[in-house]
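What follows is protein-v7.txt (compact mmCIF, C-alpha atoms and all ligand atoms).
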```
# COMPACT_ATOMS: atom_id res chain seq x y z
CA MET A 129 0.00 0.00 0.00
CA THR A 130 1.17 3.53 -0.64
CA THR A 131 -0.14 6.71 0.86
CA ASN A 132 -0.32 10.27 -0.30
CA LEU A 133 1.31 12.23 2.48
CA GLY A 134 0.73 15.62 0.93
CA ILE A 135 4.43 16.42 0.63
CA ASP A 136 6.11 17.42 -2.63
CA ASN A 137 7.26 14.34 -4.44
CA ALA A 138 10.40 14.04 -6.51
CA MET A 139 11.81 11.32 -8.71
CA TYR A 140 15.19 9.92 -7.84
CA GLY A 141 16.70 8.42 -10.95
CA ALA A 142 15.45 5.02 -11.91
CA VAL A 143 14.97 3.88 -8.33
CA ALA A 144 11.41 2.91 -7.57
CA LEU A 145 10.43 4.32 -4.19
CA ASN A 146 7.37 3.90 -2.15
CA ASP A 147 5.64 7.22 -1.47
CA THR A 148 6.63 7.22 2.15
CA THR A 149 10.34 7.03 1.43
CA ARG A 150 9.86 9.73 -1.20
CA ALA A 151 8.11 11.95 1.33
CA ALA A 152 10.98 11.44 3.73
CA VAL A 153 13.47 12.34 1.00
CA ALA A 154 11.74 15.58 -0.02
CA THR A 155 13.47 18.60 1.49
CA THR A 156 11.26 21.60 2.16
CA THR A 157 11.89 24.54 4.47
CA LEU A 158 9.82 22.96 7.19
CA SER A 159 10.77 19.30 6.88
CA PRO A 160 13.53 17.84 9.08
CA ARG A 161 16.95 18.11 7.49
CA PHE A 162 20.08 16.01 7.30
CA TYR A 163 23.26 17.74 8.40
CA THR A 164 26.96 17.48 7.83
CA THR A 165 29.72 19.50 9.49
CA ASP A 166 33.44 20.09 9.96
CA PHE A 167 34.12 16.84 11.80
CA ALA A 168 37.76 17.68 12.64
CA ALA A 169 36.77 20.97 14.30
CA MET A 170 34.04 19.18 16.20
CA ASP A 171 36.51 16.55 17.35
CA ALA A 172 38.88 19.24 18.66
CA MET A 173 36.40 20.41 21.30
CA SER A 174 37.45 19.88 24.90
CA VAL A 175 35.17 19.02 27.80
CA GLU A 176 37.80 19.70 30.49
CA PRO A 177 36.05 22.84 31.84
CA VAL A 178 32.93 20.74 32.55
CA ARG A 179 34.69 17.45 33.33
CA ALA A 180 32.76 16.42 36.47
CA GLU A 181 29.31 17.03 34.98
CA TRP A 182 30.40 15.47 31.72
CA ASP A 183 31.64 12.23 33.29
CA ALA A 184 28.42 11.87 35.30
CA LEU A 185 26.33 12.30 32.16
CA ILE A 186 28.39 9.82 30.13
CA ALA A 187 28.03 7.29 32.98
CA GLU A 188 24.24 7.80 32.81
CA LEU A 189 24.25 7.26 29.06
CA ALA A 190 26.45 4.18 29.44
CA SER A 191 24.00 2.67 31.94
CA ASP A 192 21.48 2.58 29.06
CA LEU A 193 18.30 3.14 31.06
CA ASN A 194 16.04 2.65 28.05
CA ARG A 195 17.67 -0.50 26.73
CA LYS A 196 14.42 -2.47 26.92
CA HIS A 197 11.99 0.36 26.35
CA PHE A 198 11.53 0.42 22.60
CA THR A 199 9.63 -2.81 22.06
CA ARG A 200 5.89 -3.24 21.74
CA ASP A 201 5.67 -6.03 24.25
CA LYS A 202 7.06 -4.13 27.19
CA GLY A 203 3.72 -4.33 28.98
CA LEU A 204 2.30 -0.91 28.13
CA GLY A 205 -0.30 -2.47 25.80
CA TRP A 206 -0.44 -2.11 22.02
CA ASP A 207 -4.11 -1.22 21.60
CA LEU A 208 -4.42 0.05 18.06
CA ASP A 209 -7.61 0.46 16.03
CA ILE A 210 -6.41 1.62 12.63
CA GLU A 211 -9.87 1.33 11.04
CA GLY A 212 -11.21 3.69 13.70
CA LEU A 213 -9.00 6.53 12.46
CA SER A 214 -10.59 8.84 9.89
CA PRO A 215 -8.71 9.08 6.55
CA ALA A 216 -7.74 12.70 7.29
CA LEU A 217 -6.38 11.81 10.72
CA ARG A 218 -4.57 8.81 9.34
CA ALA A 219 -2.87 10.94 6.65
CA GLU A 220 -1.75 13.59 9.13
CA PHE A 221 -0.59 11.05 11.66
CA LEU A 222 1.44 9.24 8.99
CA ASP A 223 2.98 12.57 8.02
CA PHE A 224 3.82 13.13 11.69
CA LEU A 225 5.41 9.68 11.99
CA VAL A 226 7.45 10.07 8.81
CA SER A 227 8.69 13.51 9.76
CA SER A 228 9.53 12.31 13.30
CA LEU A 229 11.34 9.29 11.90
CA THR A 230 13.33 11.50 9.53
CA ALA A 231 14.33 13.79 12.40
CA GLU A 232 15.36 10.84 14.59
CA PHE A 233 17.25 9.20 11.79
CA SER A 234 18.94 12.44 10.78
CA GLY A 235 20.28 12.71 14.35
CA CYS A 236 21.37 9.08 14.24
CA VAL A 237 23.34 9.56 11.01
CA LEU A 238 25.00 12.79 12.13
CA TYR A 239 26.03 11.43 15.54
CA ALA A 240 27.27 8.14 14.04
CA GLU A 241 29.35 10.09 11.53
CA MET A 242 30.90 12.17 14.32
CA LYS A 243 31.72 9.01 16.22
CA LYS A 244 33.25 7.40 13.13
CA ARG A 245 35.39 10.34 12.05
CA GLY A 246 36.51 11.48 15.49
CA LYS A 247 39.45 10.55 17.68
CA ASN A 248 38.50 12.46 20.81
CA PRO A 249 37.43 9.74 23.30
CA ASP A 250 35.04 12.04 25.19
CA LEU A 251 33.13 13.00 22.09
CA GLN A 252 33.29 9.50 20.64
CA ALA A 253 31.65 8.08 23.74
CA LEU A 254 28.90 10.68 23.62
CA PHE A 255 28.13 10.27 19.94
CA LYS A 256 28.14 6.49 20.21
CA TYR A 257 25.41 6.61 22.88
CA MET A 258 23.45 9.32 21.14
CA SER A 259 23.39 7.54 17.80
CA ARG A 260 22.43 4.30 19.61
CA ASP A 261 19.38 6.06 21.08
CA GLU A 262 18.31 7.80 17.87
CA ALA A 263 18.63 4.54 15.92
CA ARG A 264 16.26 2.94 18.43
CA HIS A 265 13.80 5.82 18.18
CA ALA A 266 13.80 5.75 14.39
CA GLY A 267 13.47 1.96 14.33
CA PHE A 268 10.51 2.05 16.69
CA ILE A 269 8.68 4.59 14.53
CA ASN A 270 9.39 2.55 11.42
CA ASP A 271 7.92 -0.43 13.23
CA CYS A 272 4.74 1.60 13.89
CA LEU A 273 4.56 2.57 10.23
CA ARG A 274 4.47 -1.12 9.33
CA ASP A 275 0.99 -1.33 10.90
CA PHE A 276 -0.14 1.12 8.23
CA GLY A 277 1.47 -0.98 5.53
CA VAL A 278 4.16 1.59 4.83
CA GLN A 279 7.86 1.76 5.53
CA VAL A 280 10.72 4.18 5.14
CA ASP A 281 13.85 2.70 3.60
CA MET A 282 16.43 4.24 5.91
CA GLY A 283 19.41 2.90 3.98
CA PHE A 284 18.12 4.65 0.91
CA LEU A 285 17.43 7.82 2.86
CA VAL A 286 21.09 8.12 3.86
CA LYS A 287 22.11 8.19 0.22
CA ALA A 288 19.28 10.22 -1.32
CA LYS A 289 18.66 12.91 1.25
CA LYS A 290 20.30 16.28 0.67
CA TYR A 291 22.78 17.23 3.37
CA THR A 292 22.96 20.76 4.71
CA TYR A 293 26.41 21.91 5.88
CA PHE A 294 26.43 23.53 9.31
CA SER A 295 29.55 24.71 11.11
CA PRO A 296 30.08 22.93 14.46
CA LYS A 297 28.70 25.83 16.47
CA PHE A 298 25.51 25.89 14.40
CA ILE A 299 25.22 22.14 14.89
CA LEU A 300 25.43 22.71 18.65
CA TYR A 301 22.81 25.49 18.76
CA ALA A 302 20.45 23.62 16.43
CA THR A 303 20.77 20.12 17.88
CA TYR A 304 20.64 21.39 21.47
CA LEU A 305 17.36 23.15 20.75
CA SER A 306 15.91 20.28 18.77
CA GLU A 307 16.73 17.77 21.54
CA LYS A 308 15.21 20.00 24.21
CA ILE A 309 12.14 20.99 22.21
CA GLY A 310 11.74 17.29 21.38
CA TYR A 311 11.67 16.57 25.10
CA ALA A 312 9.20 19.41 25.71
CA ARG A 313 6.89 18.27 22.90
CA TYR A 314 6.79 14.64 23.98
CA ILE A 315 6.40 15.32 27.69
CA THR A 316 3.60 17.83 27.04
CA ILE A 317 1.70 15.29 24.94
CA PHE A 318 2.38 12.53 27.47
CA ARG A 319 1.12 14.56 30.46
CA HIS A 320 -1.93 15.69 28.48
CA LEU A 321 -2.82 12.09 27.61
CA GLU A 322 -2.27 10.98 31.19
CA ALA A 323 -5.11 13.37 32.07
CA HIS A 324 -7.17 12.48 28.96
CA PRO A 325 -6.47 8.81 28.14
CA GLU A 326 -9.59 8.66 25.94
CA ARG A 327 -7.74 10.94 23.49
CA ARG A 328 -4.86 8.52 23.00
CA PHE A 329 -5.71 7.33 19.49
CA HIS A 330 -2.42 5.44 19.03
CA PRO A 331 -0.37 3.42 21.53
CA ILE A 332 2.95 5.06 20.56
CA PHE A 333 2.16 7.98 22.87
CA LYS A 334 2.51 5.64 25.86
CA TRP A 335 6.21 5.31 25.02
CA PHE A 336 6.83 9.09 25.09
CA GLU A 337 7.82 9.48 28.74
CA GLU A 338 11.04 7.42 28.75
CA TRP A 339 11.62 8.37 25.13
CA CYS A 340 11.75 12.07 25.89
CA ASN A 341 14.19 11.42 28.73
CA ASP A 342 16.65 10.17 26.09
CA GLU A 343 16.24 13.45 24.20
CA TYR A 344 16.62 15.36 27.44
CA ARG A 345 19.95 13.66 28.18
CA HIS A 346 21.19 14.35 24.65
CA GLY A 347 20.37 18.02 25.15
CA GLU A 348 22.28 18.02 28.43
CA ALA A 349 25.42 16.82 26.66
CA LEU A 350 25.15 19.51 23.99
CA ALA A 351 24.60 22.14 26.69
CA LEU A 352 27.81 20.98 28.41
CA LEU A 353 29.75 21.19 25.14
CA MET A 354 28.63 24.79 24.70
CA ARG A 355 29.34 25.70 28.33
CA ALA A 356 32.84 24.26 27.87
CA ASP A 357 33.56 26.91 25.24
CA PRO A 358 32.24 30.28 26.50
CA GLY A 359 33.13 31.91 23.18
CA LEU A 360 30.11 30.12 21.70
CA LEU A 361 27.86 31.93 24.16
CA SER A 362 29.09 35.50 23.95
CA GLY A 363 29.71 38.41 21.58
CA LEU A 364 28.31 38.15 18.08
CA ASN A 365 27.42 34.51 18.65
CA LEU A 366 24.51 35.72 20.77
CA LEU A 367 22.88 36.78 17.52
CA TRP A 368 23.01 33.15 16.41
CA VAL A 369 21.73 31.95 19.77
CA ARG A 370 18.76 34.19 19.21
CA PHE A 371 18.34 33.25 15.57
CA PHE A 372 18.15 29.53 16.32
CA GLN A 373 15.57 29.99 19.08
CA VAL A 374 13.29 31.94 16.73
CA ALA A 375 13.90 29.50 13.87
CA VAL A 376 13.13 26.40 15.95
CA PHE A 377 10.05 27.91 17.60
CA SER A 378 8.52 29.31 14.42
CA THR A 379 9.19 26.09 12.48
CA MET A 380 7.36 24.04 15.09
CA PHE A 381 4.47 26.52 15.20
CA LEU A 382 3.90 26.42 11.43
CA ARG A 383 4.38 22.67 11.14
CA ASP A 384 1.93 21.84 13.90
CA HIS A 385 -0.71 24.16 12.47
CA ARG A 386 -0.49 22.10 9.29
CA ARG A 387 -1.83 19.11 11.26
CA PRO A 388 -5.24 20.25 12.53
CA GLU A 389 -6.82 16.77 12.49
CA MET A 390 -4.14 15.19 14.63
CA HIS A 391 -4.24 17.94 17.23
CA ALA A 392 -8.05 17.89 17.30
CA ALA A 393 -7.97 14.12 17.89
CA LEU A 394 -5.52 14.58 20.76
CA GLY A 395 -7.66 17.39 22.16
CA LEU A 396 -4.74 19.81 21.83
CA GLU A 397 -5.04 23.26 20.37
CA PRO A 398 -1.83 23.85 18.31
CA GLU A 399 -1.31 27.40 19.54
CA ALA A 400 -1.73 26.64 23.25
CA TYR A 401 0.29 23.44 22.84
CA GLY A 402 3.04 25.35 21.06
CA MET A 403 3.20 28.04 23.71
CA ALA A 404 3.38 25.41 26.50
CA VAL A 405 6.28 23.74 24.67
CA PHE A 406 8.09 27.06 24.08
CA ARG A 407 7.81 27.95 27.79
CA ILE A 408 9.34 24.62 28.84
CA THR A 409 12.10 24.82 26.21
CA SER A 410 12.92 28.38 27.19
CA GLU A 411 12.99 27.48 30.88
CA ILE A 412 15.42 24.62 30.18
CA SER A 413 17.56 26.86 27.94
CA LYS A 414 18.40 28.97 30.99
CA GLN A 415 21.12 26.36 31.65
CA VAL A 416 23.05 27.47 28.59
CA PHE A 417 21.83 30.55 26.69
CA PRO A 418 22.75 33.97 28.12
CA LEU A 419 20.06 35.50 25.92
CA LEU A 420 16.51 34.18 25.71
CA VAL A 421 13.73 35.03 23.32
CA ASP A 422 10.88 36.43 25.41
CA VAL A 423 8.18 33.84 24.72
CA GLU A 424 5.80 35.63 27.10
CA ALA A 425 5.86 38.89 25.16
CA PRO A 426 2.51 39.41 23.37
CA ALA A 427 4.45 40.50 20.28
CA PHE A 428 6.14 37.08 20.11
CA LEU A 429 2.83 35.23 19.74
CA GLU A 430 1.52 37.94 17.40
CA GLY A 431 4.57 37.44 15.20
CA LEU A 432 4.08 33.67 15.12
CA ARG A 433 0.41 34.13 14.22
CA ALA A 434 1.36 36.48 11.39
CA MET A 435 3.78 33.89 9.99
CA GLN A 436 1.16 31.17 10.32
CA ARG A 437 -1.48 33.19 8.44
CA LEU A 438 1.05 33.74 5.65
CA ASP A 439 1.84 30.02 5.68
CA VAL A 440 -1.83 29.26 4.99
CA GLU A 441 -1.75 31.72 2.06
CA LEU A 442 1.46 30.16 0.82
CA THR A 443 -0.01 26.65 0.84
CA ALA A 444 -3.04 27.92 -1.12
CA ALA A 445 -0.85 29.73 -3.66
CA ARG A 446 1.32 26.66 -4.18
CA ALA A 447 -1.72 24.44 -4.60
CA GLY A 448 -3.18 26.84 -7.17
CA GLY A 449 -0.38 26.36 -9.71
CA GLY A 450 0.32 28.62 -12.71
CA ALA A 451 2.57 31.65 -13.16
CA ALA A 452 0.37 34.07 -11.21
CA ASN A 453 0.33 31.80 -8.17
CA TRP A 454 4.06 31.22 -8.47
CA ALA A 455 4.63 34.98 -8.32
CA ARG A 456 2.18 35.24 -5.45
CA ALA A 457 4.01 32.52 -3.55
CA ARG A 458 7.31 34.43 -3.94
CA LEU A 459 5.66 37.56 -2.56
CA ILE A 460 4.23 35.67 0.40
CA GLN A 461 7.63 34.14 1.13
CA ALA A 462 9.17 37.61 1.20
CA ARG A 463 6.49 38.72 3.67
CA MET A 464 7.18 35.63 5.78
CA ALA A 465 10.88 36.45 5.83
CA LYS A 466 10.00 39.97 6.98
CA ALA A 467 7.76 38.59 9.74
CA PHE A 468 10.61 36.28 10.79
CA VAL A 469 13.05 39.20 10.98
CA SER A 470 10.53 41.16 13.11
CA LEU A 471 10.51 38.22 15.54
CA LEU A 472 14.32 38.28 15.62
CA LEU A 473 14.33 41.96 16.45
CA LEU A 474 12.01 41.70 19.46
CA PRO A 475 13.70 42.53 22.77
CA ALA A 476 15.34 39.42 24.24
CA LYS A 477 15.89 38.67 27.94
CA LYS A 478 19.35 38.54 29.50
CA ASN A 479 19.92 35.34 31.45
CA PRO A 480 22.82 35.02 33.91
CA LEU A 481 24.09 31.45 33.54
CA PRO A 482 23.91 29.13 36.59
CA ALA A 483 27.19 27.81 38.04
CA SER A 484 26.33 24.20 37.22
CA THR A 485 24.75 23.31 33.91
CA ARG A 486 22.85 20.10 34.65
CA LEU A 487 19.14 20.42 35.27
CA ALA A 488 16.71 17.65 36.20
CA PRO A 489 13.76 17.04 33.84
CA SER A 490 10.86 18.01 36.10
CA TRP A 491 8.00 18.51 33.68
FE FE B 501 15.41 10.71 19.41
FE FE B 502 17.95 12.90 20.70
```
Using the file provided, produce a representation of the structure as structure tokens.
Amino acid sequence: MTTNLGIDNAMYGAVALNDTTRAAVATTTLSPRFYTTDFAAMDAMSVEPVRAEWDALIAELASDLNRKHFTRDKGLGWDLDIEGLSPALRAEFLDFLVSSLTAEFSGCVLYAEMKKRGKNPDLQALFKYMSRDEARHAGFINDCLRDFGVQVDMGFLVKAKKYTYFSPKFILYATYLSEKIGYARYITIFRHLEAHPERRFHPIFKWFEEWCNDEYRHGEALALLMRADPGLLSGLNLLWVRFFQVAVFSTMFLRDHRRPEMHAALGLEPEAYGMAVFRITSEISKQVFPLLVDVEAPAFLEGLRAMQRLDVELTAARAGGGAANWARARLIQARMAKAFVSLLLLPAKKNPLPASTRLAPSW
């Protein structure tokens, strides 16, 4: 069976792909990306300034708390009624699974590559454990997709996906935020479904609690790497710190608004859900970022809403086809870029960094 996931398709030579793999290969502004970096520069980083916290974290990763978590028969119950899902919900949920799998797998590939190319034993240990976890996460999602009769060919994905080059510091800002926002997203959904179990339309959500603790730990390691090199968190780099917060928050806001059926089924309103996730992420970020986007400022939400309204117009223009709509889409994209810059220019909050970096996940 193949599904139409509503993502731009592309042909990749003579290779026959199922639609799901093709959807995972398509690179759009909003879809999860694959990254590559300057591996030698990454390997040269030193964790000496944060040695004690680092060693404790590596010991935690080595103890492999979630070794037995990612299997269906772990006693949480796999109660799935696929026929009970409306076609619209099923399509959006599949899109969610594929995009989550791509993000997990993209982390797995990047971390495995860092492990393979590096010689620094501290970093090699970290990236070994992180790629182990992401491989498990991606594999578990792929296993869920099998129930729907679809599968993503991850081996193919590694070869066909376009890789975006990011300098090591950008990798740190971006992966730190994506690990922490990943934690915040999963824990928010998990807590919501604890209170409203009747809304849990798929068993995978029961796995989110331990799952997001993996992401939380990964984020802790990236925070320590940044704290070990204060140059990454001062001067002009603060502009980047700010840029990545706005980019990660606005991307999530737009992407989630494109899945109204899934959020309605969960009983979550995308805007309120987004804001709850941004508050948690921002609170956690106090461990590492000396400058925080003010997520409580009314202008922040206004700016996100403006981008989201433009995103709806953009989708309509793209769907319309023809030269006039193409020109319209370009114009809308320019307005979106302007709205994004306005978000970047909002006053940010100074945050004095705590003496110790590590923070317990208490949400
Ligand atoms: Fe993950
Ligand atoms: Fe992760």
What do you get as a PDB file with C-alpha atoms, in the coordinates of the input if you pick all residues at most 12 Å from ligand FE 501 (chain B), counting all atoms listed in the file?
```
ATOM      1  CA  ASN A 194      16.040   2.650  28.050  1.00  0.00           C
ATOM      2  CA  PHE A 198      11.530   0.420  22.600  1.00  0.00           C
ATOM      3  CA  SER A 228       9.530  12.310  13.300  1.00  0.00           C
ATOM      4  CA  LEU A 229      11.340   9.290  11.900  1.00  0.00           C
ATOM      5  CA  THR A 230      13.330  11.500   9.530  1.00  0.00           C
ATOM      6  CA  ALA A 231      14.330  13.790  12.400  1.00  0.00           C
ATOM      7  CA  GLU A 232      15.360  10.840  14.590  1.00  0.00           C
ATOM      8  CA  PHE A 233      17.250   9.200  11.790  1.00  0.00           C
ATOM      9  CA  SER A 234      18.940  12.440  10.780  1.00  0.00           C
ATOM     10  CA  GLY A 235      20.280  12.710  14.350  1.00  0.00           C
ATOM     11  CA  CYS A 236      21.370   9.080  14.240  1.00  0.00           C
ATOM     12  CA  VAL A 237      23.340   9.560  11.010  1.00  0.00           C
ATOM     13  CA  TYR A 239      26.030  11.430  15.540  1.00  0.00           C
ATOM     14  CA  TYR A 257      25.410   6.610  22.880  1.00  0.00           C
ATOM     15  CA  MET A 258      23.450   9.320  21.140  1.00  0.00           C
ATOM     16  CA  SER A 259      23.390   7.540  17.800  1.00  0.00           C
ATOM     17  CA  ARG A 260      22.430   4.300  19.610  1.00  0.00           C
ATOM     18  CA  ASP A 261      19.380   6.060  21.080  1.00  0.00           C
ATOM     19  CA  GLU A 262      18.310   7.800  17.870  1.00  0.00           C
ATOM     20  CA  ALA A 263      18.630   4.540  15.920  1.00  0.00           C
ATOM     21  CA  ARG A 264      16.260   2.940  18.430  1.00  0.00           C
ATOM     22  CA  HIS A 265      13.800   5.820  18.180  1.00  0.00           C
ATOM     23  CA  ALA A 266      13.800   5.750  14.390  1.00  0.00           C
ATOM     24  CA  GLY A 267      13.470   1.960  14.330  1.00  0.00           C
ATOM     25  CA  PHE A 268      10.510   2.050  16.690  1.00  0.00           C
ATOM     26  CA  ILE A 269       8.680   4.590  14.530  1.00  0.00           C
ATOM     27  CA  THR A 303      20.770  20.120  17.880  1.00  0.00           C
ATOM     28  CA  SER A 306      15.910  20.280  18.770  1.00  0.00           C
ATOM     29  CA  GLU A 307      16.730  17.770  21.540  1.00  0.00           C
ATOM     30  CA  LYS A 308      15.210  20.000  24.210  1.00  0.00           C
ATOM     31  CA  ILE A 309      12.140  20.990  22.210  1.00  0.00           C
ATOM     32  CA  GLY A 310      11.740  17.290  21.380  1.00  0.00           C
ATOM     33  CA  TYR A 311      11.670  16.570  25.100  1.00  0.00           C
ATOM     34  CA  ARG A 313       6.890  18.270  22.900  1.00  0.00           C
ATOM     35  CA  TYR A 314       6.790  14.640  23.980  1.00  0.00           C
ATOM     36  CA  PHE A 336       6.830   9.090  25.090  1.00  0.00           C
ATOM     37  CA  GLU A 338      11.040   7.420  28.750  1.00  0.00           C
ATOM     38  CA  TRP A 339      11.620   8.370  25.130  1.00  0.00           C
ATOM     39  CA  CYS A 340      11.750  12.070  25.890  1.00  0.00           C
ATOM     40  CA  ASN A 341      14.190  11.420  28.730  1.00  0.00           C
ATOM     41  CA  ASP A 342      16.650  10.170  26.090  1.00  0.00           C
ATOM     42  CA  GLU A 343      16.240  13.450  24.200  1.00  0.00           C
ATOM     43  CA  TYR A 344      16.620  15.360  27.440  1.00  0.00           C
ATOM     44  CA  ARG A 345      19.950  13.660  28.180  1.00  0.00           C
ATOM     45  CA  HIS A 346      21.190  14.350  24.650  1.00  0.00           C
ATOM     46  CA  GLY A 347      20.370  18.020  25.150  1.00  0.00           C
TER      47      GLY A 347
END
```
Here is a test: counting only C-alpha atoms, which residue of A:Arg458, A:Arg383, A:Arg274, A:Lys256 is nearest to Ile210 (chain A)?
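That would be A:Arg274, the residue with the smallest distance to Ile210 (chain A).
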Leaving out Phe221 (chain A) and any residue of its chain fewer than 2 positions from it, which residues lie within 10 Å of it when counting all atoms listed in the file, given as a count of residues only?
17
So that I can check the surroundings of Glu326 (chain A), please list as number ranges by chain every protein, DNA and RNA residue that reaches within 12 Å of it, counting only C-alpha atoms and ignoring chain neighbours fewer than 5 positions away.
A: 320-321, 331, 393-395
Pick from A:Glu430, A:Glu348, A:Phe329, A:Leu419, whichever lies nearest to ligand FE 502 (chain B) using all atoms listed in the file
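Checking each candidate against ligand FE 502 (chain B), we get A:Glu348 as the closest.
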What's the 7 Å shell around Lys243 (chain A), counting only C-alpha atoms, without same-chain residues fewer than 2 positions away, as a ChimeraX atom specification?
/A:239-241,245-246,252,255-256
Could the residues in this selection be saved with C-alpha atoms as a PDB file, keeping the file's coordinate frame?
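Wrote it out as again24.pdb, contents follow:
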```
ATOM      1  CA  TYR A 239      26.030  11.430  15.540  1.00  0.00           C
ATOM      2  CA  ALA A 240      27.270   8.140  14.040  1.00  0.00           C
ATOM      3  CA  GLU A 241      29.350  10.090  11.530  1.00  0.00           C
ATOM      4  CA  ARG A 245      35.390  10.340  12.050  1.00  0.00           C
ATOM      5  CA  GLY A 246      36.510  11.480  15.490  1.00  0.00           C
ATOM      6  CA  GLN A 252      33.290   9.500  20.640  1.00  0.00           C
ATOM      7  CA  PHE A 255      28.130  10.270  19.940  1.00  0.00           C
ATOM      8  CA  LYS A 256      28.140   6.490  20.210  1.00  0.00           C
TER       9      LYS A 256
END
```
Give me, as JSON lines, each residue of region 258-307 of chain A that comes within 6 Å of region 163-168 of chain A, together with its shortest interatomic pair and the distance in Å at one decimal, counting only C-alpha atoms, with rows ordered by chain and rising residue number.
```
{"residue": "A:Tyr291", "atom": "CA", "partner": "A:Tyr163", "partner_atom": "CA", "distance": 5.1}
{"residue": "A:Thr292", "atom": "CA", "partner": "A:Tyr163", "partner_atom": "CA", "distance": 4.8}
{"residue": "A:Tyr293", "atom": "CA", "partner": "A:Thr164", "partner_atom": "CA", "distance": 4.9}
{"residue": "A:Phe294", "atom": "CA", "partner": "A:Thr165", "partner_atom": "CA", "distance": 5.2}
{"residue": "A:Ser295", "atom": "CA", "partner": "A:Thr165", "partner_atom": "CA", "distance": 5.5}
```
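The space separating CA of Arg370 (chain A) from CA of Ala465 (chain A) comes to 15.7 Å.
You can rank A:Tyr304, A:Trp368, A:Phe381, A:Phe298 by their closest distance to ligand FE 502 (chain B) using all atoms listed in the file, and at the top of that list sits A:Tyr304.
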For a test of reading the model, state the distance in Å between CA of Glu399 (chain A) and CA of Ala447 (chain A), rounded to one decimal.
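According to the coordinates, CA of Glu399 (chain A) and CA of Ala447 (chain A) are separated by 24.3 Å.
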Need to verify the contact set: Gly203 (chain A), 12 Å, all atoms listed in the file, exclusion of same-chain residues closer than 6 positions in sequence. Can you return it as a PDB file with C-alpha atoms, in the frame of the given file?
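Output contents, as saved in selection-v6.pdb:
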```pdb
ATOM      1  CA  LYS A 196      14.420  -2.470  26.920  1.00  0.00           C
ATOM      2  CA  HIS A 197      11.990   0.360  26.350  1.00  0.00           C
ATOM      3  CA  PRO A 331      -0.370   3.420  21.530  1.00  0.00           C
ATOM      4  CA  LYS A 334       2.510   5.640  25.860  1.00  0.00           C
ATOM      5  CA  TRP A 335       6.210   5.310  25.020  1.00  0.00           C
TER       6      TRP A 335
END
```
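Using all atoms listed in the file, the smallest distance between any of A:Val178, A:Ala253, A:Leu208, A:Ala349 and ligand FE 502 (chain B) comes from A:Ala349.
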Contacts of Pro358 (chain A) within 12 Å, only C-alpha atoms, excl. fewer than 4 positions in-chain, as JSON, numbers by chain
{"A": [173, 174, 175, 177, 178, 297, 351, 352, 353, 354, 362, 363, 365, 366, 416, 417, 418, 481]}
